[in-house]
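**Student:** One file: run_30.csv (CSV, N, CA and C atoms).
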chain,number,residue,atom,x,y,z
F,1,MET,N,50.2,-62.5,50.8
F,1,MET,CA,49.5,-61.7,49.9
F,1,MET,C,48.1,-62.1,49.8
F,2,PRO,N,47.1,-61.2,49.8
F,2,PRO,CA,45.7,-61.6,49.8
F,2,PRO,C,45.2,-61.9,48.4
F,3,HIS,N,46.0,-62.3,47.5
F,3,HIS,CA,45.6,-62.5,46.1
F,3,HIS,C,45.8,-64.0,45.8
F,4,ARG,N,45.1,-64.5,44.8
F,4,ARG,CA,45.2,-65.9,44.4
F,4,ARG,C,45.2,-66.0,42.9
F,5,ILE,N,46.0,-66.9,42.3
F,5,ILE,CA,46.0,-67.2,40.9
F,5,ILE,C,45.8,-68.7,40.7
F,6,GLU,N,44.9,-69.0,39.9
F,6,GLU,CA,44.6,-70.5,39.6
F,6,GLU,C,44.3,-70.7,38.2
F,7,PHE,N,44.6,-71.9,37.7
F,7,PHE,CA,44.3,-72.3,36.4
F,7,PHE,C,43.0,-73.1,36.5
F,8,LEU,N,42.0,-72.8,35.7
F,8,LEU,CA,40.7,-73.5,35.6
F,8,LEU,C,40.8,-74.4,34.4
F,9,GLN,N,40.8,-75.7,34.6
F,9,GLN,CA,40.9,-76.7,33.5
F,9,GLN,C,39.7,-76.5,32.5
F,10,ASP,N,38.5,-76.3,33.0
F,10,ASP,CA,37.4,-76.1,32.2
F,10,ASP,C,36.7,-74.8,32.7
F,11,PRO,N,37.0,-73.8,32.0
F,11,PRO,CA,37.1,-73.4,30.6
F,11,PRO,C,38.5,-73.1,30.1
F,12,ARG,N,39.5,-73.5,30.7
F,12,ARG,CA,40.9,-73.3,30.3
F,12,ARG,C,41.3,-71.8,30.3
F,13,TRP,N,41.3,-71.2,31.4
F,13,TRP,CA,41.8,-69.9,31.6
F,13,TRP,C,42.4,-69.7,33.0
F,14,VAL,N,43.1,-68.7,33.1
F,14,VAL,CA,43.7,-68.3,34.4
F,14,VAL,C,42.8,-67.3,35.1
F,15,ARG,N,42.5,-67.6,36.4
F,15,ARG,CA,41.7,-66.7,37.2
F,15,ARG,C,42.7,-66.0,38.2
F,16,ILE,N,42.6,-64.7,38.2
F,16,ILE,CA,43.3,-63.9,39.2
F,16,ILE,C,42.3,-63.3,40.1
F,17,ILE,N,42.4,-63.6,41.4
F,17,ILE,CA,41.5,-63.0,42.4
F,17,ILE,C,42.3,-62.1,43.2
F,18,GLY,N,41.9,-60.8,43.1
F,18,GLY,CA,42.6,-59.8,43.9
F,18,GLY,C,41.7,-59.2,45.0
F,19,SER,N,42.3,-58.9,46.1
F,19,SER,CA,41.5,-58.2,47.2
F,19,SER,C,42.4,-57.2,47.9
F,20,GLY,N,41.8,-56.2,48.5
F,20,GLY,CA,42.5,-55.2,49.2
F,20,GLY,C,43.1,-54.2,48.1
F,21,GLU,N,44.1,-53.5,48.6
F,21,GLU,CA,44.8,-52.5,47.7
F,21,GLU,C,45.7,-53.1,46.7
F,22,ILE,N,45.6,-52.6,45.5
F,22,ILE,CA,46.5,-53.1,44.4
F,22,ILE,C,47.2,-51.9,43.8
F,23,ASP,N,48.5,-51.8,43.9
F,23,ASP,CA,49.3,-50.8,43.3
F,23,ASP,C,50.0,-51.3,42.0
F,24,GLY,N,50.8,-50.5,41.4
F,24,GLY,CA,51.4,-50.9,40.1
F,24,GLY,C,52.4,-52.1,40.3
F,25,ALA,N,53.1,-52.1,41.4
F,25,ALA,CA,54.1,-53.2,41.7
F,25,ALA,C,53.3,-54.5,41.9
F,26,THR,N,52.2,-54.4,42.7
F,26,THR,CA,51.4,-55.6,42.9
F,26,THR,C,50.8,-56.1,41.6
F,27,ALA,N,50.2,-55.2,40.8
F,27,ALA,CA,49.6,-55.6,39.5
F,27,ALA,C,50.7,-56.3,38.6
F,28,GLU,N,51.9,-55.8,38.6
F,28,GLU,CA,52.9,-56.4,37.8
F,28,GLU,C,53.3,-57.8,38.3
F,29,GLU,N,53.4,-57.9,39.6
F,29,GLU,CA,53.7,-59.3,40.1
F,29,GLU,C,52.5,-60.2,39.9
F,30,LEU,N,51.3,-59.8,40.0
F,30,LEU,CA,50.2,-60.7,39.7
F,30,LEU,C,50.2,-61.1,38.2
F,31,ALA,N,50.5,-60.1,37.4
F,31,ALA,CA,50.5,-60.4,35.9
F,31,ALA,C,51.7,-61.4,35.6
F,32,ARG,N,52.8,-61.2,36.2
F,32,ARG,CA,54.0,-62.1,36.0
F,32,ARG,C,53.6,-63.5,36.4
F,33,ARG,N,53.0,-63.7,37.6
F,33,ARG,CA,52.6,-65.0,38.0
F,33,ARG,C,51.5,-65.6,37.1
F,34,ALA,N,50.6,-64.8,36.7
F,34,ALA,CA,49.5,-65.3,35.9
F,34,ALA,C,50.0,-65.7,34.5
F,35,VAL,N,51.0,-65.0,33.9
F,35,VAL,CA,51.6,-65.3,32.6
F,35,VAL,C,52.3,-66.7,32.8
F,36,THR,N,53.0,-66.9,33.9
F,36,THR,CA,53.7,-68.2,34.1
F,36,THR,C,52.7,-69.3,34.1
F,37,VAL,N,51.6,-69.1,34.8
F,37,VAL,CA,50.6,-70.2,34.9
F,37,VAL,C,49.9,-70.4,33.5
F,38,SER,N,49.7,-69.3,32.8
F,38,SER,CA,49.0,-69.5,31.5
F,38,SER,C,49.9,-70.2,30.5
F,39,ARG,N,51.2,-69.9,30.5
F,39,ARG,CA,52.1,-70.5,29.5
F,39,ARG,C,52.3,-72.0,29.9
F,40,GLU,N,52.4,-72.3,31.2
F,40,GLU,CA,52.5,-73.7,31.6
F,40,GLU,C,51.3,-74.5,31.2
F,41,ASN,N,50.1,-73.9,31.0
F,41,ASN,CA,48.9,-74.6,30.7
F,41,ASN,C,48.4,-74.3,29.3
F,42,GLU,N,49.2,-73.6,28.5
F,42,GLU,CA,48.9,-73.3,27.1
F,42,GLU,C,47.6,-72.6,26.9
F,43,THR,N,47.4,-71.5,27.6
F,43,THR,CA,46.2,-70.8,27.4
F,43,THR,C,46.5,-69.3,27.2
F,44,ASP,N,45.6,-68.5,26.7
F,44,ASP,CA,45.9,-67.1,26.5
F,44,ASP,C,44.7,-66.3,27.0
F,45,ARG,N,43.9,-66.9,28.0
F,45,ARG,CA,42.7,-66.3,28.5
F,45,ARG,C,43.0,-66.0,30.0
F,46,TYR,N,42.5,-64.8,30.4
F,46,TYR,CA,42.6,-64.4,31.9
F,46,TYR,C,41.3,-63.8,32.3
F,47,LEU,N,40.9,-64.3,33.5
F,47,LEU,CA,39.7,-63.7,34.2
F,47,LEU,C,40.2,-63.0,35.5
F,48,CYS,N,40.2,-61.7,35.6
F,48,CYS,CA,40.7,-61.0,36.7
F,48,CYS,C,39.5,-60.6,37.6
F,49,ASP,N,39.3,-61.2,38.7
F,49,ASP,CA,38.2,-60.9,39.6
F,49,ASP,C,38.7,-59.9,40.7
F,50,PHE,N,38.4,-58.6,40.4
F,50,PHE,CA,38.9,-57.5,41.3
F,50,PHE,C,37.7,-56.9,42.0
F,51,ARG,N,36.6,-57.6,42.2
F,51,ARG,CA,35.5,-57.1,42.9
F,51,ARG,C,35.8,-56.7,44.4
F,52,GLN,N,36.8,-57.4,45.0
F,52,GLN,CA,37.2,-57.0,46.3
F,52,GLN,C,38.5,-56.2,46.4
F,53,ALA,N,38.9,-55.7,45.3
F,53,ALA,CA,40.1,-54.9,45.2
F,53,ALA,C,39.9,-53.5,44.9
F,54,VAL,N,40.9,-52.7,45.3
F,54,VAL,CA,40.9,-51.3,45.0
F,54,VAL,C,42.2,-50.9,44.4
F,55,LEU,N,42.2,-50.3,43.2
F,55,LEU,CA,43.4,-49.8,42.6
F,55,LEU,C,43.8,-48.5,43.3
F,56,VAL,N,45.0,-48.4,43.7
F,56,VAL,CA,45.4,-47.2,44.5
F,56,VAL,C,46.4,-46.3,43.8
F,57,ASP,N,46.7,-46.6,42.6
F,57,ASP,CA,47.6,-45.7,41.8
F,57,ASP,C,47.0,-44.5,41.3
F,58,SER,N,47.8,-43.5,40.9
F,58,SER,CA,47.3,-42.3,40.3
F,58,SER,C,46.9,-42.6,38.8
F,59,ALA,N,46.3,-41.6,38.2
F,59,ALA,CA,45.9,-41.8,36.8
F,59,ALA,C,47.2,-42.1,35.9
F,60,ALA,N,48.2,-41.4,36.2
F,60,ALA,CA,49.5,-41.6,35.5
F,60,ALA,C,50.0,-43.0,35.6
F,61,ASP,N,49.9,-43.5,36.8
F,61,ASP,CA,50.4,-44.9,37.1
F,61,ASP,C,49.5,-45.9,36.4
F,62,VAL,N,48.2,-45.7,36.4
F,62,VAL,CA,47.2,-46.5,35.7
F,62,VAL,C,47.5,-46.5,34.2
F,63,TYR,N,47.9,-45.3,33.7
F,63,TYR,CA,48.2,-45.2,32.3
F,63,TYR,C,49.4,-46.1,31.9
F,64,ASP,N,50.3,-46.3,32.9
F,64,ASP,CA,51.5,-47.1,32.6
F,64,ASP,C,51.2,-48.6,32.8
F,65,LEU,N,50.1,-49.1,33.2
F,65,LEU,CA,49.8,-50.5,33.4
F,65,LEU,C,50.1,-51.4,32.2
F,66,PRO,N,49.7,-50.9,31.0
F,66,PRO,CA,50.1,-51.8,29.8
F,66,PRO,C,51.6,-52.0,29.6
F,67,MET,N,52.4,-51.0,30.1
F,67,MET,CA,53.9,-51.3,30.0
F,67,MET,C,54.2,-52.4,31.0
F,68,HIS,N,53.6,-52.5,32.1
F,68,HIS,CA,53.8,-53.7,33.0
F,68,HIS,C,53.4,-55.0,32.3
F,69,ALA,N,52.3,-54.9,31.6
F,69,ALA,CA,51.9,-56.1,30.8
F,69,ALA,C,52.9,-56.6,29.8
F,70,ALA,N,53.5,-55.7,29.1
F,70,ALA,CA,54.5,-56.1,28.1
F,70,ALA,C,55.7,-56.6,28.8
F,71,ARG,N,56.1,-56.0,29.9
F,71,ARG,CA,57.3,-56.4,30.6
F,71,ARG,C,57.3,-57.8,31.2
F,72,VAL,N,56.0,-58.3,31.5
F,72,VAL,CA,55.9,-59.6,32.1
F,72,VAL,C,55.5,-60.7,31.1
F,73,GLY,N,55.4,-60.3,29.8
F,73,GLY,CA,55.1,-61.3,28.8
F,73,GLY,C,53.7,-61.4,28.3
F,74,LEU,N,52.8,-60.5,28.7
F,74,LEU,CA,51.4,-60.6,28.2
F,74,LEU,C,51.5,-60.2,26.7
F,75,LYS,N,50.8,-61.0,25.9
F,75,LYS,CA,50.8,-60.7,24.4
F,75,LYS,C,49.6,-59.9,24.1
F,76,ARG,N,49.6,-59.2,23.0
F,76,ARG,CA,48.5,-58.5,22.5
F,76,ARG,C,47.3,-59.4,22.0
F,77,THR,N,47.7,-60.6,21.8
F,77,THR,CA,46.6,-61.6,21.4
F,77,THR,C,45.9,-62.3,22.6
F,78,ASP,N,46.5,-62.1,23.8
F,78,ASP,CA,45.9,-62.6,25.0
F,78,ASP,C,44.6,-61.9,25.3
F,79,ARG,N,43.6,-62.6,25.8
F,79,ARG,CA,42.3,-61.9,26.1
F,79,ARG,C,42.2,-61.8,27.7
F,80,ILE,N,41.9,-60.6,28.1
F,80,ILE,CA,41.8,-60.4,29.6
F,80,ILE,C,40.5,-59.7,29.9
F,81,ALA,N,39.7,-60.4,30.7
F,81,ALA,CA,38.5,-59.9,31.2
F,81,ALA,C,38.7,-59.5,32.7
F,82,ILE,N,38.2,-58.3,33.0
F,82,ILE,CA,38.4,-57.8,34.4
F,82,ILE,C,37.0,-57.6,34.9
F,83,VAL,N,36.7,-58.2,36.1
F,83,VAL,CA,35.4,-58.1,36.7
F,83,VAL,C,35.6,-57.2,37.9
F,84,HIS,N,34.8,-56.1,38.1
F,84,HIS,CA,34.9,-55.2,39.2
F,84,HIS,C,33.6,-54.8,39.7
F,85,SER,N,33.5,-54.2,40.9
F,85,SER,CA,32.3,-53.8,41.4
F,85,SER,C,32.3,-52.3,41.9
F,86,LYS,N,33.5,-51.7,41.9
F,86,LYS,CA,33.6,-50.3,42.2
F,86,LYS,C,34.7,-49.7,41.4
F,87,GLN,N,34.9,-48.4,41.5
F,87,GLN,CA,35.9,-47.7,40.7
F,87,GLN,C,35.6,-47.8,39.2
F,88,GLU,N,34.4,-47.6,38.8
F,88,GLU,CA,34.0,-47.7,37.4
F,88,GLU,C,34.9,-46.9,36.5
F,89,GLU,N,35.1,-45.6,36.8
F,89,GLU,CA,35.9,-44.7,36.0
F,89,GLU,C,37.4,-45.2,35.9
F,90,VAL,N,37.9,-45.7,36.9
F,90,VAL,CA,39.3,-46.2,36.9
F,90,VAL,C,39.4,-47.4,36.0
F,91,PHE,N,38.5,-48.4,36.2
F,91,PHE,CA,38.6,-49.6,35.4
F,91,PHE,C,38.3,-49.3,33.9
F,92,ARG,N,37.4,-48.4,33.6
F,92,ARG,CA,37.1,-48.0,32.2
F,92,ARG,C,38.4,-47.4,31.6
F,93,PHE,N,39.1,-46.6,32.4
F,93,PHE,CA,40.3,-46.0,32.0
F,93,PHE,C,41.4,-47.0,31.7
F,94,VAL,N,41.5,-48.0,32.5
F,94,VAL,CA,42.4,-49.2,32.3
F,94,VAL,C,42.0,-49.8,31.0
F,95,GLU,N,40.8,-50.1,30.8
F,95,GLU,CA,40.3,-50.8,29.5
F,95,GLU,C,40.7,-49.9,28.3
F,96,THR,N,40.4,-48.6,28.3
F,96,THR,CA,40.7,-47.7,27.2
F,96,THR,C,42.2,-47.7,26.9
F,97,VAL,N,43.0,-47.5,27.9
F,97,VAL,CA,44.4,-47.4,27.7
F,97,VAL,C,44.9,-48.7,27.1
F,98,ALA,N,44.5,-49.8,27.7
F,98,ALA,CA,45.0,-51.1,27.2
F,98,ALA,C,44.6,-51.3,25.8
F,99,MET,N,43.3,-51.0,25.4
F,99,MET,CA,42.8,-51.2,24.1
F,99,MET,C,43.6,-50.3,23.1
F,100,ASN,N,43.8,-49.1,23.5
F,100,ASN,CA,44.6,-48.1,22.7
F,100,ASN,C,46.0,-48.6,22.4
F,101,ARG,N,46.5,-49.4,23.3
F,101,ARG,CA,47.9,-50.0,23.1
F,101,ARG,C,47.8,-51.4,22.5
F,102,GLY,N,46.7,-51.8,22.0
F,102,GLY,CA,46.6,-53.0,21.3
F,102,GLY,C,46.3,-54.3,22.0
F,103,TYR,N,45.9,-54.2,23.3
F,103,TYR,CA,45.6,-55.3,24.1
F,103,TYR,C,44.1,-55.6,24.1
F,104,GLU,N,43.8,-56.9,24.2
F,104,GLU,CA,42.4,-57.4,24.2
F,104,GLU,C,41.9,-57.4,25.7
F,105,VAL,N,41.4,-56.3,26.2
F,105,VAL,CA,41.0,-56.1,27.6
F,105,VAL,C,39.6,-55.6,27.6
F,106,ARG,N,38.7,-56.2,28.4
F,106,ARG,CA,37.4,-55.7,28.6
F,106,ARG,C,37.1,-55.7,30.1
F,107,VAL,N,36.3,-54.8,30.6
F,107,VAL,CA,35.8,-54.8,32.0
F,107,VAL,C,34.3,-55.1,32.1
F,108,PHE,N,34.0,-55.8,33.1
F,108,PHE,CA,32.6,-56.2,33.3
F,108,PHE,C,32.2,-56.1,34.8
F,109,HIS,N,30.9,-56.0,35.1
F,109,HIS,CA,30.4,-56.1,36.4
F,109,HIS,C,30.0,-57.5,36.8
F,110,SER,N,29.9,-58.4,35.8
F,110,SER,CA,29.4,-59.7,36.0
F,110,SER,C,30.4,-60.8,35.5
F,111,GLU,N,30.7,-61.8,36.4
F,111,GLU,CA,31.6,-62.8,36.0
F,111,GLU,C,31.0,-63.6,34.8
F,112,ASP,N,29.7,-63.8,34.8
F,112,ASP,CA,29.0,-64.5,33.7
F,112,ASP,C,29.3,-63.8,32.3
F,113,ARG,N,29.1,-62.5,32.3
F,113,ARG,CA,29.4,-61.7,31.1
F,113,ARG,C,30.9,-61.8,30.7
F,114,ALA,N,31.7,-61.7,31.7
F,114,ALA,CA,33.2,-61.8,31.4
F,114,ALA,C,33.5,-63.1,30.8
F,115,SER,N,33.0,-64.2,31.4
F,115,SER,CA,33.2,-65.5,30.9
F,115,SER,C,32.7,-65.7,29.5
F,116,GLY,N,31.5,-65.2,29.2
F,116,GLY,CA,31.0,-65.2,27.9
F,116,GLY,C,31.9,-64.6,26.9
F,117,TRP,N,32.4,-63.4,27.2
F,117,TRP,CA,33.3,-62.7,26.3
F,117,TRP,C,34.6,-63.5,26.1
F,118,LEU,N,35.1,-64.1,27.1
F,118,LEU,CA,36.3,-64.9,27.0
F,118,LEU,C,36.1,-66.1,26.1
F,119,ARG,N,34.9,-66.7,26.2
F,119,ARG,CA,34.6,-67.9,25.4
F,119,ARG,C,34.4,-67.6,24.0
F,120,ALA,N,33.8,-66.4,23.7
F,120,ALA,CA,33.4,-66.0,22.4
F,120,ALA,C,34.6,-65.7,21.5
F,121,GLY,N,35.8,-65.3,22.1
F,121,GLY,CA,36.9,-64.9,21.3
F,121,GLY,C,37.8,-65.9,20.8
Show me, as structure tokens, the structure contained in the file I just sent.

**Tutor:**
Amino acid sequence: MPHRIEFLQDPRWVRIIGSGEIDGATAEELARRAVTVSRENETDRYLCDFRQAVLVDSAADVYDLPMHAARVGLKRTDRIAIVHSKQEEVFRFVETVAMNRGYEVRVFHSEDRASGWLRAG
């Protein structure tokens, strides 16, 4: 799989690096693995670097992504920053749906801004 999940000791969050095509099943598996790493390291922060990734699901499938989050154990108190460089409308839709369902999710074009948001909360 062309994706990587790692725990960063300083600043204490999980970084998910995705590349290539990501569908709902892949997103759920990445989230499941990331939650495991976060719980092992007692953190509730995630930085998703999807600048080299493309979401390939339909709008209906994207709408269901928060259900995947709940299934794998993401909590509504977890903070999730998503960095992307393409598919602006798709990622804004993900952010809106997640926020409407009570998740702390924000999308950014810059890793620095995403990191700042994660640190501020």

**Student:** Which residues come within 6.5 Å of range 37-49 of chain F, counting all atoms listed in the file, excluding same-chain residues fewer than 5 positions away, as a list in words?

**Tutor:**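 What passes the distance filter is Arg12, Trp13, Val14, Arg15, Ile16, Ile17, Gly18, Arg32, Thr77, Asp78, Arg79, Ile80, Ala81, Ile82, Val83 and His84 of chain F.
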
**Student:** Provide the CA of Glu28 in chain F to CA of Val97 in chain F distance in Å, to one decimal place.

**Tutor:** 16.0 Å

**Student:** Is it possible to get the residues within 8 Å of (49.7, -51.7, 32.8) (coordinates as in the file, counting all atoms listed in the file) written as JSON, numbers by chain?

**Tutor:** {"F": [24, 27, 28, 61, 62, 63, 64, 65, 66, 67, 68, 69, 70, 94, 98]}

**Student:** Write out as JSON, numbers by chain the residues lying within 12 Å of Gly20 in chain F, counting only C-alpha atoms and excluding same-chain residues fewer than 2 positions away.

**Tutor:** {"F": [1, 2, 3, 17, 18, 22, 23, 26, 49, 50, 51, 52, 53, 54, 55, 56]}

**Student:** Grab the CA of Asp57 in chain F to CA of Ala114 in chain F distance for me, in Å with one decimal place.

**Tutor:**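 These two atoms are separated by 24.0 Å.
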
**Student:** Just to confirm, what's the straight-line distance from CA of Arg92 in chain F to CA of Val105 in chain F in Å (one decimal)?

**Tutor:**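 Interatomic distance here is 10.1 Å.
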
**Student:** Please run DSSP on the backbone and report, as a PyMOL selection string, all residues within chain F that come out as strand (DSSP E).

**Tutor:** chain F and resi 4-8+13-22+45-55+79-83+104-108
